[in-house]
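**Q** Next up is a structure, given as structure tokens.
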Amino acid sequence: MQPERIVVKKVLRLSQIACKINHTKKDLEKAIRKVLKCGDKVSIDYGIVKQSIDARHKPDIYYVYSVDIYNYSVLFDTKNFHINKVKKSALSPIKNAIYTEIVDYVFPYTTQENQWHTSQNILMNGIHENERPVIIGFGPAGMYAALMLAKAGLRPIIYERGEAVADRKETVQHFWNTGVLNEESNVQFGEGGAGTFSDGKLNTGIKDTSGRIQEILKIFVQFGASEEILYQNKPHIGTDVLERIVVGIRNKIIELGGEIHFNSKLSGIIIKNGVLNGIYIQDTKTQQLKEYDCSQVCLAIGHSARDTLEMLNNVGCNMIPKSFAVGVRIEHPQSFINYNAYGDCVYKLPAADYKLTYQTKSGRGVYSFCMCPGGYVVNASSEKNSIAVNGMSYSGRNSANANSALIVTVTPDDFGTNPLDGILLQRQMEQLAYQYGQGNIPIQLLGDFKENKTSTGIGAVVPCIKGGYTMSNINPILPKFVSDSLKEAIKYYNTKIKGFDMNEAILSGVESRTSSPVKWIRNEYGMATIKGLYPCGEGAGYAGGIISAAVDGIKTAEKMAQVYSFNKML
């Protein structure tokens, strides 16, 4: 079952409309009229599709727009109008114009047939209480899966091992202040998932023609994000805004009949003849274990639920190792990154970012990842005696430093072909980071990293770090091919951003949680080898970021709802 493709509007899309940085809405409309070659007396109904910054000719910097013209029919003779999404418009006088469609996402399930009979504890179509869909994990994948199922009247039950976001925030801050880790609720686990303590990036490289991505963005706006995320080239929310949004989505799911249980960890599954029959949930506060009957479970556990992955591997879920990437965080002054991007532009512009890629002489990929303008490096550990780092920004992106992961691709050829061998590599590096950081985040000046010597003091770049840190040597923490690849790539990056290899830039280790090191095999119905289990999101190896995880959550919800739609298990 696929979502129906509902065409809301047929539009004329104009691109490459440039306006000065300090332009007004009136200036943008004037630029649109110039492209359309129509006078001021003609009314133009339009919407912004995309906004980006063109700084190629700094200090002359422009905002560049793509816009949709809704009332093109009053502007042109469209007697022989045909939708053409590939070729340029037949209107030769208009540059950079195509005809296209605006699509609304519609969840492919009929809600009206599934009103709940509270007195009988049964759905009208024969679905019993113990057949309500269950979601494990309340990060982007689990959250959007649960929201869609709740809107369809299916009253999902969600179990999240971590805390609700308000309590989680206090727990994480306590960890950063004291180093005392809660292994069940931390930067990786809890309401909102790992994305809650991140930059909140909403850009993605995946394609989706059914409107899921736009629907996700609209829901973020509905619950408190700025409308600008609907058209910004690289939209982001920020950890402070994400905190409010996830609470709003949680409350909506509850309003629609769903349930969410925090501090509730999946500790086992019950299988009969290859079919899911139930689950064991452990209260992480009291350690009490309970058994629940269920027939459909979405496993949106995230990329760091290693104990859960080990349990599922042991009961026969089919997983394979997959490539991922490891490396470090690098910090530069944000003012340096801004100057590289904007030069001497006198107008206020967003904190600049960058994206860098390189292939080493040996053919290994090295690239920047999760770049956080005006952000912080954070201790993102979820296991004791281990250190993992990540990047985080608030909505204002106003810290003194820019930070980014610089990571090197690793493959099963590097770490082994057993499903969980990638986890062993991650743990080895994280435990070494703990050792070399003496329990804190190990940091090193880039100049010392290049010379393989321990740093003894901070230079001009003062770290922006959440959590304790210790001057160290990161080289021994990384496999030699990783450190060598980083050094080769950083030298090349200096040709793209002059001064990138400044000796006083700060490196932090270790960046090991970029994506899941495993991939689950799932069939055409979205299920694992155990019928009724739906691996989903980053932890299943099908996503890499907030948007792609949310998309996979929606797709999984579509598959789960299909079972109820046909009133039978597939």
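Each chain in the structure tokens gets a letter, A, B, ..., in the order shown, and its residues are numbered from 1; ligands are numbered from 1 in order too.
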Using only C-alpha atoms, I'd like a table of the residues in range 305-411 of chain A that come within 12 Å of range 274-296 of chain A; for each, show the closest atom pair and its distance in Å rounded to one decimal, ordered by chain and ascending number, as CSV.
**A**
residue,atom,partner,partner_atom,distance
A:Thr308,CA,A:Ile281,CA,11.6
A:Met311,CA,A:Tyr280,CA,11.7
A:Leu312,CA,A:Ile279,CA,11.6
A:Val315,CA,A:Gly274,CA,10.4
A:Gly316,CA,A:Gly274,CA,9.5
A:Cys317,CA,A:Gly274,CA,10.2
**Q** Generate the output file for the selected residues, all heavy atoms, as a PDB file, in the first residue's frame.
**A**
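Contents of part05.pdb, as written:
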ATOM      1  N   THR A 308      20.096  -3.721  22.946  1.00  0.00           N
ATOM      2  CA  THR A 308      18.884  -4.193  22.274  1.00  0.00           C
ATOM      3  C   THR A 308      19.237  -4.909  20.978  1.00  0.00           C
ATOM      4  O   THR A 308      18.656  -5.961  20.653  1.00  0.00           O
ATOM      5  CB  THR A 308      17.933  -3.025  21.992  1.00  0.00           C
ATOM      6  OG1 THR A 308      17.716  -2.278  23.192  1.00  0.00           O
ATOM      7  CG2 THR A 308      16.598  -3.520  21.469  1.00  0.00           C
ATOM      8  N   MET A 311      20.466  -8.360  21.840  1.00  0.00           N
ATOM      9  CA  MET A 311      19.363  -9.238  22.197  1.00  0.00           C
ATOM     10  C   MET A 311      18.614  -9.719  20.957  1.00  0.00           C
ATOM     11  O   MET A 311      18.317 -10.911  20.800  1.00  0.00           O
ATOM     12  CB  MET A 311      18.411  -8.511  23.153  1.00  0.00           C
ATOM     13  CG  MET A 311      17.184  -9.305  23.580  1.00  0.00           C
ATOM     14  SD  MET A 311      15.738  -9.119  22.472  1.00  0.00           S
ATOM     15  CE  MET A 311      15.289  -7.415  22.786  1.00  0.00           C
ATOM     16  N   LEU A 312      18.324  -8.799  20.047  1.00  0.00           N
ATOM     17  CA  LEU A 312      17.573  -9.158  18.847  1.00  0.00           C
ATOM     18  C   LEU A 312      18.393 -10.057  17.919  1.00  0.00           C
ATOM     19  O   LEU A 312      17.850 -10.950  17.266  1.00  0.00           O
ATOM     20  CB  LEU A 312      17.141  -7.887  18.116  1.00  0.00           C
ATOM     21  CG  LEU A 312      16.116  -7.024  18.870  1.00  0.00           C
ATOM     22  CD1 LEU A 312      16.008  -5.642  18.252  1.00  0.00           C
ATOM     23  CD2 LEU A 312      14.756  -7.710  18.899  1.00  0.00           C
ATOM     24  N   VAL A 315      18.142 -13.636  19.146  1.00  0.00           N
ATOM     25  CA  VAL A 315      16.891 -14.374  18.943  1.00  0.00           C
ATOM     26  C   VAL A 315      16.608 -14.641  17.465  1.00  0.00           C
ATOM     27  O   VAL A 315      15.545 -15.158  17.128  1.00  0.00           O
ATOM     28  CB  VAL A 315      15.694 -13.642  19.586  1.00  0.00           C
ATOM     29  CG1 VAL A 315      15.881 -13.511  21.085  1.00  0.00           C
ATOM     30  CG2 VAL A 315      15.462 -12.283  18.940  1.00  0.00           C
ATOM     31  N   GLY A 316      17.553 -14.272  16.609  1.00  0.00           N
ATOM     32  CA  GLY A 316      17.431 -14.674  15.218  1.00  0.00           C
ATOM     33  C   GLY A 316      17.010 -13.615  14.234  1.00  0.00           C
ATOM     34  O   GLY A 316      16.709 -13.941  13.068  1.00  0.00           O
ATOM     35  N   CYS A 317      16.974 -12.334  14.634  1.00  0.00           N
ATOM     36  CA  CYS A 317      16.696 -11.292  13.651  1.00  0.00           C
ATOM     37  C   CYS A 317      17.866 -11.216  12.669  1.00  0.00           C
ATOM     38  O   CYS A 317      19.036 -11.232  13.077  1.00  0.00           O
ATOM     39  CB  CYS A 317      16.504  -9.945  14.336  1.00  0.00           C
ATOM     40  SG  CYS A 317      14.994  -9.833  15.298  1.00  0.00           S
TER      41      CYS A 317
END
**Q** List the neighbours of Phe220 in chain A out to 12 Å using only C-alpha atoms; skip same-chain residues closer than 6 positions along the sequence, and give me the result as a list in words.
**A**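 Near Phe220 in chain A, the qualifying residues are Pro140, Met143, Tyr144, Gly200, Leu202, Ile213, Gln214, Ser226, Glu227, Glu228, Ile229, Leu230, Pro235, His236, Ile237, Val241, Leu242, Glu243, Arg244, Ile245, Val246, Val247, Gly248, Ile249, Ile546, Ile547 and Ala550 of chain A.
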**Q** Could you go through range 352-550 of chain A and tell me which residues DSSP, when run on the backbone, assigns to helix (DSSP H, G or I), listing them as a PyMOL selection string?
**A** chain A and resi 412-415+421-436+446-451+475-477+480-493+538-540+546-550
**Q** How close does range 267-378 of chain A get to range 404-426 of chain A? List, as a tab-separated table, each residue of range 267-378 of chain A within 9 Å, its nearest atom pair and the distance in Å to one decimal, counting only C-alpha atoms.
**A**
residue	atom	partner	partner_atom	distance
A:Arg306	CA	A:Ile423	CA	7.4
A:Leu309	CA	A:Leu420	CA	8.2
A:Glu310	CA	A:Leu420	CA	7.5
A:Asn313	CA	A:Pro419	CA	8.0
A:Asn318	CA	A:Pro419	CA	8.8
A:Met319	CA	A:Pro419	CA	5.8
A:Ile320	CA	A:Pro419	CA	4.7
A:Pro321	CA	A:Pro419	CA	4.5
A:Lys322	CA	A:Pro412	CA	6.5
A:Ser323	CA	A:Thr411	CA	4.3
A:Phe324	CA	A:Val410	CA	5.6
A:Ala325	CA	A:Thr409	CA	4.2
A:Val326	CA	A:Ile407	CA	4.9
A:Gly327	CA	A:Ile407	CA	4.2
A:Val328	CA	A:Leu406	CA	5.5
A:Arg329	CA	A:Ala405	CA	4.3
A:Ile330	CA	A:Ser404	CA	5.5
A:Glu331	CA	A:Ser404	CA	6.9
A:Tyr354	CA	A:Ser404	CA	8.8
A:Leu356	CA	A:Leu406	CA	8.8
A:Arg364	CA	A:Thr409	CA	6.5
A:Gly365	CA	A:Thr409	CA	5.5
A:Val366	CA	A:Val408	CA	4.5
A:Tyr367	CA	A:Ile407	CA	5.6
A:Ser368	CA	A:Leu406	CA	4.6
A:Phe369	CA	A:Ala405	CA	5.0
A:Cys370	CA	A:Ser404	CA	5.9
A:Met371	CA	A:Ser404	CA	4.0
A:Cys372	CA	A:Ser404	CA	5.9
A:Pro373	CA	A:Ser404	CA	8.3
A:Val377	CA	A:Ser404	CA	8.6
**Q** Choose the residue, out of A:Gly343, A:Gly162, A:Gly179, A:Gly211, that has the smallest atom-to-atom separation from Lys466 in chain A; count only C-alpha atoms.
**A**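 Smallest separation from Lys466 in chain A among the options: A:Gly179.
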**Q** What lies within 9 Å of Ala305 in chain A using only C-alpha atoms, ignoring chain neighbours under 4 positions off, as a ChimeraX atom specification?
**A** /A:188-189,301,309-310,382,539
**Q** Deliver the residues from the most recent selection as a file, using C-alpha atoms, as a PDB file, in the first residue's frame.
**A**
ATOM      1  CA  GLN A 188      21.395   9.102  22.956  1.00  0.00           C
ATOM      2  CA  PHE A 189      18.311   7.824  24.826  1.00  0.00           C
ATOM      3  CA  ILE A 301      15.535   2.010  18.758  1.00  0.00           C
ATOM      4  CA  LEU A 309      20.631  -5.016  18.998  1.00  0.00           C
ATOM      5  CA  GLU A 310      22.572  -7.794  20.741  1.00  0.00           C
ATOM      6  CA  SER A 382      25.761   6.150  26.612  1.00  0.00           C
ATOM      7  CA  GLY A 539      19.014   1.832  14.304  1.00  0.00           C
TER       8      GLY A 539
END
**Q** Measure the distance from CA of Met392 in chain A to CA of Ser485 in chain A in Å and round it to one decimal.
**A** 24.9 Å
**Q** Can you tell me how far CA of Lys26 in chain A sits from CA of Tyr46 in chain A, in Å to one decimal?
**A** 12.7 Å
**Q** Run DSSP on the backbone and tell me which residues of range 315-538 of chain A come out as strand (DSSP E or B); list them as a PyMOL selection string.
**A** chain A and resi 319-321+324-333+357-359+365-372+376-379+389-392+401-410+441-445+465-466+469-471+506-511+518-520+531+533-535
**Q** Between A:Ser185, A:Gln232, A:Ser386, A:Thr529, which one has atoms that come closest to Ala166 in chain A, using only C-alpha atoms?
**A**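 Among the listed residues, A:Ser185 lies closest to Ala166 in chain A.
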**Q** May I have the residues within 6 Å of range 12-23 of chain A as a PyMOL selection string, using only C-alpha atoms and disregarding those fewer than 5 positions away in the same chain?
**A** chain A and resi 62-69+96-99
**Q** Please, could you write that set of residues out with N, CA and C atoms as a PDB file, in the first residue's frame?
**A**
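Output saved as selection.pdb:
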ATOM      1  N   TYR A  62      23.954  37.515  -2.234  1.00  0.00           N
ATOM      2  CA  TYR A  62      22.524  37.579  -2.523  1.00  0.00           C
ATOM      3  C   TYR A  62      21.789  36.399  -1.894  1.00  0.00           C
ATOM      4  N   TYR A  63      20.532  36.650  -1.562  1.00  0.00           N
ATOM      5  CA  TYR A  63      19.601  35.553  -1.329  1.00  0.00           C
ATOM      6  C   TYR A  63      19.051  35.138  -2.690  1.00  0.00           C
ATOM      7  N   VAL A  64      18.980  33.841  -2.927  1.00  0.00           N
ATOM      8  CA  VAL A  64      18.462  33.318  -4.188  1.00  0.00           C
ATOM      9  C   VAL A  64      17.220  32.482  -3.884  1.00  0.00           C
ATOM     10  N   TYR A  65      16.151  32.738  -4.644  1.00  0.00           N
ATOM     11  CA  TYR A  65      14.860  32.112  -4.372  1.00  0.00           C
ATOM     12  C   TYR A  65      14.376  31.258  -5.535  1.00  0.00           C
ATOM     13  N   SER A  66      13.623  30.228  -5.172  1.00  0.00           N
ATOM     14  CA  SER A  66      12.712  29.565  -6.102  1.00  0.00           C
ATOM     15  C   SER A  66      11.308  29.834  -5.578  1.00  0.00           C
ATOM     16  N   VAL A  67      10.395  30.202  -6.467  1.00  0.00           N
ATOM     17  CA  VAL A  67       9.029  30.513  -6.051  1.00  0.00           C
ATOM     18  C   VAL A  67       8.040  29.810  -6.972  1.00  0.00           C
ATOM     19  N   ASP A  68       6.886  29.500  -6.428  1.00  0.00           N
ATOM     20  CA  ASP A  68       5.790  28.933  -7.215  1.00  0.00           C
ATOM     21  C   ASP A  68       4.757  30.018  -7.490  1.00  0.00           C
ATOM     22  N   ILE A  69       4.378  30.162  -8.756  1.00  0.00           N
ATOM     23  CA  ILE A  69       3.330  31.094  -9.159  1.00  0.00           C
ATOM     24  C   ILE A  69       2.031  30.302  -9.276  1.00  0.00           C
ATOM     25  N   ASN A  96      14.581  29.993 -16.519  1.00  0.00           N
ATOM     26  CA  ASN A  96      14.553  29.175 -15.296  1.00  0.00           C
ATOM     27  C   ASN A  96      13.130  28.933 -14.800  1.00  0.00           C
ATOM     28  N   ALA A  97      12.252  28.504 -15.703  1.00  0.00           N
ATOM     29  CA  ALA A  97      10.855  28.253 -15.353  1.00  0.00           C
ATOM     30  C   ALA A  97      10.443  26.860 -15.795  1.00  0.00           C
ATOM     31  N   ILE A  98       9.729  26.162 -14.926  1.00  0.00           N
ATOM     32  CA  ILE A  98       9.159  24.864 -15.288  1.00  0.00           C
ATOM     33  C   ILE A  98       7.739  24.786 -14.736  1.00  0.00           C
ATOM     34  N   TYR A  99       6.921  23.967 -15.355  1.00  0.00           N
ATOM     35  CA  TYR A  99       5.625  23.636 -14.800  1.00  0.00           C
ATOM     36  C   TYR A  99       5.807  22.430 -13.886  1.00  0.00           C
TER      37      TYR A  99
END
**Q** Which residues are near range 40-45 of chain A? Cut-off 9 Å, only C-alpha atoms, ignore same chain within fewer than 5 positions. Put them as a list in words.
**A**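 What passes the distance filter is Glu29, Lys30, Ile32, Arg33, Asp68, Ile69, Tyr70, Asn71, Tyr72, Val74 and Leu75 of chain A.
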**Q** As an exercise, work out the distance from CA of Gly467 in chain A to CA of Ile443 in chain A in Å and give it to one decimal place.
**A**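 For CA of Gly467 in chain A relative to CA of Ile443 in chain A, the distance reads 11.8 Å.
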**Q** Do you have, as JSON lines, the list of residues of range 513-563 of chain A lying at most 12 Å from range 257-269 of chain A, each with its nearest atom pair and that distance in Å to one decimal, counting only C-alpha atoms and ordered by chain then number?
**A**
{"residue": "A:Ile530", "atom": "CA", "partner": "A:Ile269", "partner_atom": "CA", "distance": 10.3}
{"residue": "A:Lys531", "atom": "CA", "partner": "A:Ile269", "partner_atom": "CA", "distance": 11.9}
{"residue": "A:Gly532", "atom": "CA", "partner": "A:Ile269", "partner_atom": "CA", "distance": 11.0}
{"residue": "A:Leu533", "atom": "CA", "partner": "A:Ile269", "partner_atom": "CA", "distance": 9.7}
**Q** Can you pull out the residues contacting Arg56 in chain A? Cut-off 9 Å, using only C-alpha atoms, and skip same-chain residues under 3 positions away; I want them as a list in words.
**A** Pro59, Asp60, Ile61, Ala341 and Tyr342 of chain A
**Q** Once you have the residues from the selection above, write them out as a short mmCIF file (atom, residue, chain, number, x, y, z; two decimals), in the first residue's frame, restricted to N, CA and C atoms.
**A**
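Once everything was written out, this is result.cif:
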data_model
loop_
_atom_site.label_atom_id
_atom_site.label_comp_id
_atom_site.auth_asym_id
_atom_site.auth_seq_id
_atom_site.Cartn_x
_atom_site.Cartn_y
_atom_site.Cartn_z
N PRO A 59 32.37 40.57 -1.84
CA PRO A 59 31.33 40.86 -0.85
C PRO A 59 29.92 41.08 -1.40
N ASP A 60 29.72 40.89 -2.71
CA ASP A 60 28.36 40.98 -3.27
C ASP A 60 27.66 39.64 -3.01
N ILE A 61 26.78 39.63 -2.06
CA ILE A 61 26.11 38.41 -1.63
C ILE A 61 24.61 38.58 -1.80
N ALA A 341 33.20 32.43 4.28
CA ALA A 341 31.96 32.33 3.49
C ALA A 341 31.51 33.67 2.94
N TYR A 342 31.62 34.73 3.76
CA TYR A 342 30.99 36.00 3.42
C TYR A 342 31.96 37.15 3.16
#
**Q** Which residue is closest to Val11 in chain A? Choose from A:Gly537, A:Pro463, A:Thr100, A:Ile94 and count only C-alpha atoms.
**A**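 Ranking A:Gly537, A:Pro463, A:Thr100, A:Ile94 by distance to Val11 in chain A, first place goes to A:Thr100.
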**Q** Using only C-alpha atoms, which residue out of A:Tyr542, A:Tyr358, A:Tyr347, A:Tyr376 lies closest to Lys496 in chain A?
**A**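 Nearest candidate to Lys496 in chain A out of A:Tyr542, A:Tyr358, A:Tyr347, A:Tyr376: A:Tyr358.
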**Q** Would you pick out the contacts of Ala540 in chain A at 7 Å or less, using only C-alpha atoms, so that residues sharing its chain but fewer than 3 positions from it are not included, and give the list as JSON, numbers by chain?
**A** {"A": [518, 519, 520, 535, 536, 537]}
**Q** Those selected residues, please, written with all heavy atoms and delivered as a PDB file, in the first residue's frame.
**A**
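Below is the file that was written, again_9.pdb:
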ATOM      1  N   VAL A 518      24.991  -1.586  11.721  1.00  0.00           N
ATOM      2  CA  VAL A 518      24.282  -2.775  11.247  1.00  0.00           C
ATOM      3  C   VAL A 518      23.114  -2.366  10.364  1.00  0.00           C
ATOM      4  O   VAL A 518      22.624  -1.238  10.432  1.00  0.00           O
ATOM      5  CB  VAL A 518      23.761  -3.657  12.409  1.00  0.00           C
ATOM      6  CG1 VAL A 518      24.889  -4.048  13.342  1.00  0.00           C
ATOM      7  CG2 VAL A 518      22.651  -2.956  13.170  1.00  0.00           C
ATOM      8  N   LYS A 519      22.674  -3.308   9.555  1.00  0.00           N
ATOM      9  CA  LYS A 519      21.457  -3.115   8.761  1.00  0.00           C
ATOM     10  C   LYS A 519      20.605  -4.359   8.889  1.00  0.00           C
ATOM     11  O   LYS A 519      21.093  -5.483   8.728  1.00  0.00           O
ATOM     12  CB  LYS A 519      21.793  -2.855   7.289  1.00  0.00           C
ATOM     13  CG  LYS A 519      20.568  -2.518   6.440  1.00  0.00           C
ATOM     14  CD  LYS A 519      20.961  -2.055   5.053  1.00  0.00           C
ATOM     15  CE  LYS A 519      19.745  -1.598   4.250  1.00  0.00           C
ATOM     16  NZ  LYS A 519      20.122  -1.056   2.924  1.00  0.00           N
ATOM     17  N   TRP A 520      19.333  -4.151   9.183  1.00  0.00           N
ATOM     18  CA  TRP A 520      18.394  -5.259   9.285  1.00  0.00           C
ATOM     19  C   TRP A 520      17.850  -5.594   7.900  1.00  0.00           C
ATOM     20  O   TRP A 520      17.580  -4.694   7.096  1.00  0.00           O
ATOM     21  CB  TRP A 520      17.208  -4.889  10.165  1.00  0.00           C
ATOM     22  CG  TRP A 520      17.538  -4.620  11.597  1.00  0.00           C
ATOM     23  CD1 TRP A 520      18.621  -3.959  12.092  1.00  0.00           C
ATOM     24  CD2 TRP A 520      16.757  -5.001  12.717  1.00  0.00           C
ATOM     25  NE1 TRP A 520      18.555  -3.895  13.446  1.00  0.00           N
ATOM     26  CE2 TRP A 520      17.420  -4.527  13.864  1.00  0.00           C
ATOM     27  CE3 TRP A 520      15.560  -5.694  12.860  1.00  0.00           C
ATOM     28  CZ2 TRP A 520      16.921  -4.734  15.135  1.00  0.00           C
ATOM     29  CZ3 TRP A 520      15.061  -5.881  14.138  1.00  0.00           C
ATOM     30  CH2 TRP A 520      15.740  -5.421  15.256  1.00  0.00           C
ATOM     31  N   PRO A 535      11.685  -3.310  11.771  1.00  0.00           N
ATOM     32  CA  PRO A 535      12.883  -2.491  12.018  1.00  0.00           C
ATOM     33  C   PRO A 535      12.739  -1.148  11.300  1.00  0.00           C
ATOM     34  O   PRO A 535      12.289  -1.082  10.155  1.00  0.00           O
ATOM     35  CB  PRO A 535      14.020  -3.312  11.406  1.00  0.00           C
ATOM     36  CG  PRO A 535      13.453  -4.677  11.178  1.00  0.00           C
ATOM     37  CD  PRO A 535      11.992  -4.502  10.979  1.00  0.00           C
ATOM     38  N   CYS A 536      13.142  -0.069  11.978  1.00  0.00           N
ATOM     39  CA  CYS A 536      12.818   1.248  11.447  1.00  0.00           C
ATOM     40  C   CYS A 536      13.882   2.263  11.828  1.00  0.00           C
ATOM     41  O   CYS A 536      14.461   2.210  12.922  1.00  0.00           O
ATOM     42  CB  CYS A 536      11.458   1.670  12.008  1.00  0.00           C
ATOM     43  SG  CYS A 536      10.914   3.324  11.558  1.00  0.00           S
ATOM     44  N   GLY A 537      14.152   3.202  10.935  1.00  0.00           N
ATOM     45  CA  GLY A 537      14.984   4.348  11.256  1.00  0.00           C
ATOM     46  C   GLY A 537      16.471   4.080  11.261  1.00  0.00           C
ATOM     47  O   GLY A 537      16.967   3.142  10.625  1.00  0.00           O
TER      48      GLY A 537
END
